[in-house]
file target_8.cif (mmCIF, C-alpha atoms)
data_coords
#
loop_
_atom_site.label_atom_id
_atom_site.label_comp_id
_atom_site.auth_asym_id
_atom_site.auth_seq_id
_atom_site.Cartn_x
_atom_site.Cartn_y
_atom_site.Cartn_z
CA MET X 1 -18.46 46.39 -5.71
CA VAL X 2 -20.47 49.59 -5.88
CA ASP X 3 -22.19 48.36 -2.72
CA ALA X 4 -18.81 48.01 -1.00
CA LEU X 5 -17.92 51.58 -1.95
CA ARG X 6 -21.29 52.87 -0.77
CA GLU X 7 -20.59 51.15 2.56
CA ALA X 8 -17.10 52.67 2.67
CA HIS X 9 -18.70 56.07 2.20
CA ARG X 10 -21.08 55.36 5.08
CA VAL X 11 -18.50 54.21 7.65
CA LEU X 12 -15.92 56.90 6.81
CA ARG X 13 -16.20 60.33 8.36
CA PRO X 14 -16.41 63.30 5.98
CA ARG X 15 -12.93 63.97 4.54
CA GLY X 16 -11.87 60.48 5.63
CA LEU X 17 -9.40 58.56 3.47
CA LEU X 18 -10.11 55.55 1.26
CA ILE X 19 -7.16 53.58 -0.09
CA ASP X 20 -7.82 51.27 -3.04
CA ALA X 21 -4.94 49.09 -4.21
CA ARG X 22 -4.93 46.12 -6.57
CA PRO X 23 -2.70 44.37 -9.07
CA ASP X 24 -2.39 46.40 -12.25
CA SER X 25 -3.72 44.06 -14.90
CA ARG X 26 -3.19 46.63 -17.64
CA ILE X 27 0.50 45.78 -17.86
CA PHE X 28 2.36 42.49 -18.01
CA ALA X 29 4.06 40.93 -15.04
CA TYR X 30 7.61 39.64 -15.52
CA ALA X 31 9.06 36.21 -14.84
CA GLU X 32 12.53 37.02 -13.62
CA HIS X 33 15.62 34.91 -13.10
CA ARG X 34 17.94 35.79 -10.23
CA ILE X 35 21.38 36.71 -11.46
CA GLY X 36 22.87 37.86 -8.16
CA SER X 37 22.04 38.78 -4.62
CA GLY X 38 18.79 40.70 -4.91
CA THR X 39 19.25 41.22 -8.64
CA TYR X 40 16.85 39.76 -11.15
CA ARG X 41 16.65 39.80 -14.95
CA PRO X 42 13.38 39.46 -16.92
CA ALA X 43 13.18 36.18 -18.80
CA GLY X 44 9.55 36.31 -19.84
CA VAL X 45 6.25 38.13 -19.48
CA ILE X 46 3.00 36.95 -17.93
CA ALA X 47 -0.41 38.28 -18.93
CA THR X 48 -3.43 38.60 -16.68
CA SER X 49 -6.12 36.00 -17.22
CA ARG X 50 -9.20 37.03 -19.17
CA GLU X 51 -11.42 36.45 -16.13
CA GLU X 52 -9.32 38.73 -13.93
CA LEU X 53 -9.23 41.41 -16.61
CA GLY X 54 -13.02 41.33 -16.52
CA ASN X 55 -13.04 41.57 -12.72
CA ASP X 56 -10.66 44.52 -12.81
CA ARG X 57 -12.84 46.32 -15.33
CA THR X 58 -15.82 45.77 -13.05
CA SER X 59 -13.83 47.28 -10.18
CA ASP X 60 -12.90 50.26 -12.35
CA ARG X 61 -16.54 50.83 -13.21
CA ALA X 62 -17.49 50.67 -9.52
CA VAL X 63 -14.85 53.26 -8.64
CA ALA X 64 -16.04 55.49 -11.50
CA ALA X 65 -19.62 55.17 -10.23
CA ALA X 66 -18.52 56.16 -6.71
CA ALA X 67 -16.89 59.29 -8.12
CA ARG X 68 -19.96 60.08 -10.24
CA ASN X 69 -22.17 59.70 -7.18
CA ARG X 70 -19.88 62.15 -5.39
CA TRP X 71 -19.08 59.70 -2.61
CA PHE X 72 -15.33 60.16 -3.10
CA ARG X 73 -12.90 62.37 -4.93
CA SER X 74 -9.48 61.23 -6.06
CA LEU X 75 -6.48 62.69 -4.19
CA THR X 76 -3.63 60.87 -5.84
CA SER X 77 -2.82 57.66 -7.68
CA GLY X 78 0.25 55.71 -8.66
CA ARG X 79 1.83 52.37 -9.25
CA PHE X 80 4.54 50.33 -7.57
CA TRP X 81 6.18 47.00 -8.25
CA HIS X 82 6.81 44.07 -5.99
CA ARG X 83 8.34 40.65 -6.37
CA VAL X 84 6.96 37.32 -5.32
CA LEU X 85 9.95 35.03 -4.86
CA PHE X 86 10.22 31.34 -5.76
CA GLU X 87 12.90 28.82 -4.97
CA ASP X 88 13.11 27.60 -8.54
CA ARG X 89 11.29 27.69 -11.87
CA PRO X 90 9.01 24.68 -11.17
CA ALA X 91 7.76 26.53 -8.07
CA LEU X 92 6.95 29.57 -10.20
CA GLN X 93 5.11 27.35 -12.66
CA ARG X 94 3.12 25.69 -9.84
CA TYR X 95 2.05 29.14 -8.72
CA LEU X 96 0.85 29.99 -12.22
CA ASP X 97 -0.94 26.64 -12.50
CA ASP X 98 -2.79 27.19 -9.24
CA HIS X 99 -3.76 30.84 -9.49
CA ALA X 100 -6.51 32.52 -11.40
CA ARG X 101 -4.92 35.96 -11.73
CA PHE X 102 -2.43 35.14 -14.46
CA VAL X 103 -2.51 33.04 -17.57
CA HIS X 104 -0.78 29.74 -16.90
CA ARG X 105 2.04 30.08 -19.40
CA VAL X 106 4.94 32.49 -19.45
CA ARG X 107 5.67 34.16 -22.79
CA TRP X 108 9.40 33.50 -22.75
CA MET X 109 12.10 35.89 -23.92
CA ALA X 110 14.90 33.52 -22.83
CA ASP X 111 15.52 30.51 -25.06
CA PRO X 112 14.77 26.95 -23.84
CA ALA X 113 18.44 26.03 -23.32
CA ARG X 114 19.00 28.95 -20.97
CA ARG X 115 15.75 28.25 -19.14
CA ARG X 116 16.85 24.66 -18.56
CA ARG X 117 20.19 25.91 -17.25
CA TRP X 118 18.40 28.25 -14.85
CA GLU X 119 15.77 25.72 -13.81
CA ALA X 120 17.02 25.26 -10.23
CA ASP X 121 17.94 28.91 -9.65
CA PRO X 122 15.73 31.32 -7.71
CA TRP X 123 13.00 33.03 -9.71
CA ALA X 124 10.49 35.80 -9.11
CA ILE X 125 7.33 37.23 -10.53
CA ARG X 126 7.54 41.01 -10.56
CA ARG X 127 4.16 42.60 -10.86
CA ALA X 128 2.69 46.07 -10.79
CA VAL X 129 0.25 47.25 -8.17
CA ARG X 130 -1.83 50.33 -8.79
CA TYR X 131 -3.34 52.42 -6.07
CA GLU X 132 -5.56 55.42 -5.66
CA LEU X 133 -6.28 57.50 -2.57
CA PHE X 134 -9.71 59.09 -2.25
CA GLU X 135 -11.21 61.62 0.07
CA ARG X 136 -14.69 60.87 1.36
CA ILE X 137 -17.02 63.69 0.30
CA MET Q 1 10.34 45.50 -3.14
CA SER Q 2 9.80 41.81 -2.60
CA SER Q 3 7.57 39.46 -0.74
CA THR Q 4 8.47 35.84 -0.25
CA ALA Q 5 6.62 32.77 -1.39
CA SER Q 6 8.14 29.44 -0.58
CA SER Q 7 8.03 26.70 -3.15
CA ALA Q 8 6.23 24.75 -0.47
CA VAL Q 9 3.28 27.02 -1.13
CA GLY Q 10 1.32 24.92 -3.51
CA ARG Q 11 -2.42 25.41 -3.65
CA LEU Q 12 -2.67 28.64 -1.74
CA LEU Q 13 -5.45 29.32 0.68
CA PRO Q 14 -6.85 32.85 0.83
CA ALA Q 15 -5.77 33.06 4.45
CA ILE Q 16 -2.08 32.81 3.59
CA SER Q 17 -2.24 35.00 0.51
CA SER Q 18 -0.38 37.67 2.46
CA LEU Q 19 2.77 35.66 1.71
CA LEU Q 20 2.35 36.86 -1.86
CA ARG Q 21 1.86 40.55 -1.03
CA PRO Q 22 4.29 43.31 -0.17
CA PRO Q 23 5.24 43.84 3.47
CA PRO Q 24 2.73 46.31 4.96
CA GLU Q 25 5.33 48.94 5.79
CA ASP Q 26 6.46 48.95 2.16
CA GLU Q 27 2.91 49.25 0.94
CA LEU Q 28 2.10 52.09 3.36
CA ARG Q 29 5.25 53.89 2.25
CA GLU Q 30 4.06 53.77 -1.36
CA TYR Q 31 0.77 55.41 -0.39
CA GLY Q 32 2.46 58.24 1.49
CA GLY Q 33 3.80 56.75 4.71
CA VAL Q 34 2.59 55.88 8.17
CA GLY Q 35 1.34 59.46 8.66
CA LEU Q 36 -1.77 58.40 6.75
CA VAL Q 37 -2.83 56.14 9.61
CA ARG Q 38 -1.09 57.71 12.60
CA ARG Q 39 -3.56 58.18 15.49
CA ARG Q 40 -6.40 57.33 13.08
CA ARG Q 41 -9.27 54.87 13.37
CA VAL Q 42 -8.59 52.45 10.54
CA ILE Q 43 -10.72 49.73 8.98
CA ASP Q 44 -9.08 47.18 6.68
CA VAL Q 45 -11.79 45.56 4.58
CA GLY Q 46 -10.83 42.21 3.05
CA CYS Q 47 -8.04 42.01 5.62
CA GLY Q 48 -7.25 38.32 5.04
CA ASP Q 49 -4.85 37.16 7.74
CA GLY Q 50 -4.29 40.72 8.94
CA ARG Q 51 -1.22 41.74 6.97
CA MET Q 52 -2.13 45.42 6.45
CA ALA Q 53 -4.22 45.78 9.61
CA LEU Q 54 -1.36 44.60 11.80
CA GLY Q 55 1.06 46.74 9.80
CA CYS Q 56 -1.04 49.81 10.68
CA ALA Q 57 -1.51 48.82 14.33
CA PRO Q 58 1.71 50.35 15.73
CA TYR Q 59 0.69 53.79 14.40
CA ALA Q 60 -3.12 53.90 14.42
CA SER Q 61 -5.27 54.56 17.46
CA GLU Q 62 -7.54 51.67 16.53
CA VAL Q 63 -7.60 49.10 13.73
CA ILE Q 64 -10.48 46.85 12.73
CA GLY Q 65 -9.97 44.10 10.17
CA VAL Q 66 -12.95 42.57 8.38
CA ASP Q 67 -12.93 39.52 6.13
CA PRO Q 68 -15.57 37.00 5.05
CA ASP Q 69 -13.21 34.05 5.61
CA PRO Q 70 -13.45 32.78 9.22
CA GLU Q 71 -10.17 30.89 8.89
CA ALA Q 72 -8.37 34.08 7.82
CA ILE Q 73 -9.87 35.92 10.80
CA ARG Q 74 -8.74 33.15 13.13
CA LEU Q 75 -5.20 33.51 11.81
CA ALA Q 76 -5.35 37.29 12.07
CA ARG Q 77 -6.47 37.12 15.70
CA ALA Q 78 -3.69 34.68 16.51
CA LYS Q 79 -1.13 37.01 14.90
CA ALA Q 80 -2.54 39.99 16.79
CA ARG Q 81 -2.20 38.10 20.09
CA GLU Q 82 1.34 37.11 19.18
CA LEU Q 83 2.24 40.72 18.37
CA GLY Q 84 0.40 42.14 21.37
CA ALA Q 85 -1.63 44.43 19.10
CA ALA Q 86 -4.12 45.50 21.76
CA ASN Q 87 -5.66 48.20 19.57
CA THR Q 88 -6.60 45.75 16.81
CA ARG Q 89 -9.73 43.65 16.42
CA PHE Q 90 -10.86 41.30 13.67
CA LYS Q 91 -14.38 40.44 12.63
CA VAL Q 92 -15.93 38.10 10.10
CA GLY Q 93 -17.98 40.22 7.72
CA VAL Q 94 -18.46 41.45 4.18
CA ALA Q 95 -17.57 44.76 2.57
CA GLN Q 96 -21.16 45.38 1.48
CA GLU Q 97 -22.53 45.27 5.02
CA LEU Q 98 -20.12 46.51 7.64
CA PRO Q 99 -21.38 46.19 11.22
CA PHE Q 100 -20.31 49.68 12.28
CA ALA Q 101 -21.95 53.04 12.86
CA ASP Q 102 -21.87 55.84 10.29
CA ALA Q 103 -18.68 57.94 10.15
CA ARG Q 104 -16.94 55.54 12.57
CA PHE Q 105 -13.54 55.53 10.78
CA ASP Q 106 -10.92 57.96 9.51
CA VAL Q 107 -9.31 55.58 7.02
CA GLU Q 108 -10.56 52.57 5.06
CA ILE Q 109 -8.10 50.28 3.32
CA LEU Q 110 -9.16 48.12 0.37
CA SER Q 111 -5.91 46.35 -0.41
CA TRP Q 112 -6.40 43.65 -3.07
CA THR Q 113 -10.09 43.75 -2.19
CA LEU Q 114 -12.09 45.42 -4.97
#
call {"tool": "encode", "arguments": {"input": "target_8.cif", "output": "structure tokens"}}
result
Amino acid sequence: MVDALREAHRVLRPRGLLIDARPDSRIFAYAEHRIGSGTYRPAGVIATSREELGNDRTSDRAVAAAARNRWFRSLTSGRFWHRVLFEDRPALQRYLDDHARFVHRVRWMADPARRRRWEADPWAIRRAVRYELFERI
Amino acid sequence: MSSTASSAVGRLLPAISSLLRPPPEDELREYGGVGLVRRRRVIDVGCGDGRMALGCAPYASEVIGVDPDPEAIRLARAKARELGAANTRFKVGVAQELPFADARFDVEILSWTL
């Protein structure tokens, strides 16, 4: 990853802009149940898998190294949320089963009876994305 | 902000992972808006099927997308043709060894890449 940032430094002109954005593994994602048109309510939380936490820490270290090497300086950073939509709860579970980013089980806040009632309703995973903008030095 | 994933999406291929990401205009807005890429030479590294690259294309002077997955690049090129994005090119390549001259770009995007 440090190599990728060194290469970014090379191909960017001085004072050029580097945008780094990735899922924010430091906070839980939410499994949300749709309660109305465009309105969702959290029904559980989903943690990032241990492997992805490790990958994200490696990325953080690479970014820190790029700053230490004075390749880039941070201009601004922030976080936004977005939803990945699913037709029903089994579809959400299939996504969790097939993807490495999250652990495969939701930590439910809603009780089993309600989850069964909502099984065929639309669901979403709402997750945080963090970003940082850098100026090439 | 939402992006849509159909339940038909089972075992996802990297090339269609853009279905699980925010729309590019939403993502650009979060970073500060299209002014960041307007009339700029942009490189999108780890571009996948071209989601962000093609989202920048209407504003940027030139956009290059790079991804190690040939299938993703094939999809990105097809999308670019479909959209008539004449200022956009896609290349198979890796972030650690970009086939471009020094100081060639104004903006580099690493969206879900590092």
call {"tool": "atom_distance", "arguments": {"input": "target_8.cif", "atom1": "atom CA of Ala43 of chain X", "atom2": "atom CA of Arg115 of chain X"}}
result
8.3 Å
call {"tool": "atom_distance", "arguments": {"input": "target_8.cif", "atom1": "atom CA of Met109 of chain X", "atom2": "atom CA of Glu87 of chain X"}}
result
20.2 Å
call {"tool": "atom_distance", "arguments": {"input": "target_8.cif", "atom1": "atom CA of Phe80 of chain X", "atom2": "atom CA of Ile19 of chain X"}}
result
14.3 Å
call {"tool": "closest_residue", "arguments": {"input": "target_8.cif", "among": "X:Tyr95, X:Trp118, X:Trp108, X:Phe28", "to": "chain Q", "atoms": "only C-alpha atoms"}}
result
X:Tyr95
call {"tool": "resolve_selection", "arguments": {"input": "target_8.cif", "expression": "the PyMOL selection byres ((chain X and resi 105) around 9)", "output": "ChimeraX atom specification"}}
result
/X:46-47,93,96-97,102-104,106-108
call {"tool": "resolve_selection", "arguments": {"input": "target_8.cif", "expression": "the PyMOL selection byres ((chain X) within 6 of (chain Q))", "output": "VMD selection string"}}
result
chain X and resid 3 to 4 7 10 to 13 16 to 22 59 82 to 87 91 98
call {"tool": "write_last_selection", "arguments": {"input": "target_8.cif", "atoms": "C-alpha atoms", "output": "PDB file, keeping the file's coordinate frame"}}
result
ATOM      1  CA  ASP X   3     -22.190  48.360  -2.720  1.00  0.00           C
ATOM      2  CA  ALA X   4     -18.810  48.010  -1.000  1.00  0.00           C
ATOM      3  CA  GLU X   7     -20.590  51.150   2.560  1.00  0.00           C
ATOM      4  CA  ARG X  10     -21.080  55.360   5.080  1.00  0.00           C
ATOM      5  CA  VAL X  11     -18.500  54.210   7.650  1.00  0.00           C
ATOM      6  CA  LEU X  12     -15.920  56.900   6.810  1.00  0.00           C
ATOM      7  CA  ARG X  13     -16.200  60.330   8.360  1.00  0.00           C
ATOM      8  CA  GLY X  16     -11.870  60.480   5.630  1.00  0.00           C
ATOM      9  CA  LEU X  17      -9.400  58.560   3.470  1.00  0.00           C
ATOM     10  CA  LEU X  18     -10.110  55.550   1.260  1.00  0.00           C
ATOM     11  CA  ILE X  19      -7.160  53.580  -0.090  1.00  0.00           C
ATOM     12  CA  ASP X  20      -7.820  51.270  -3.040  1.00  0.00           C
ATOM     13  CA  ALA X  21      -4.940  49.090  -4.210  1.00  0.00           C
ATOM     14  CA  ARG X  22      -4.930  46.120  -6.570  1.00  0.00           C
ATOM     15  CA  SER X  59     -13.830  47.280 -10.180  1.00  0.00           C
ATOM     16  CA  HIS X  82       6.810  44.070  -5.990  1.00  0.00           C
ATOM     17  CA  ARG X  83       8.340  40.650  -6.370  1.00  0.00           C
ATOM     18  CA  VAL X  84       6.960  37.320  -5.320  1.00  0.00           C
ATOM     19  CA  LEU X  85       9.950  35.030  -4.860  1.00  0.00           C
ATOM     20  CA  PHE X  86      10.220  31.340  -5.760  1.00  0.00           C
ATOM     21  CA  GLU X  87      12.900  28.820  -4.970  1.00  0.00           C
ATOM     22  CA  ALA X  91       7.760  26.530  -8.070  1.00  0.00           C
ATOM     23  CA  ASP X  98      -2.790  27.190  -9.240  1.00  0.00           C
TER      24      ASP X  98
END
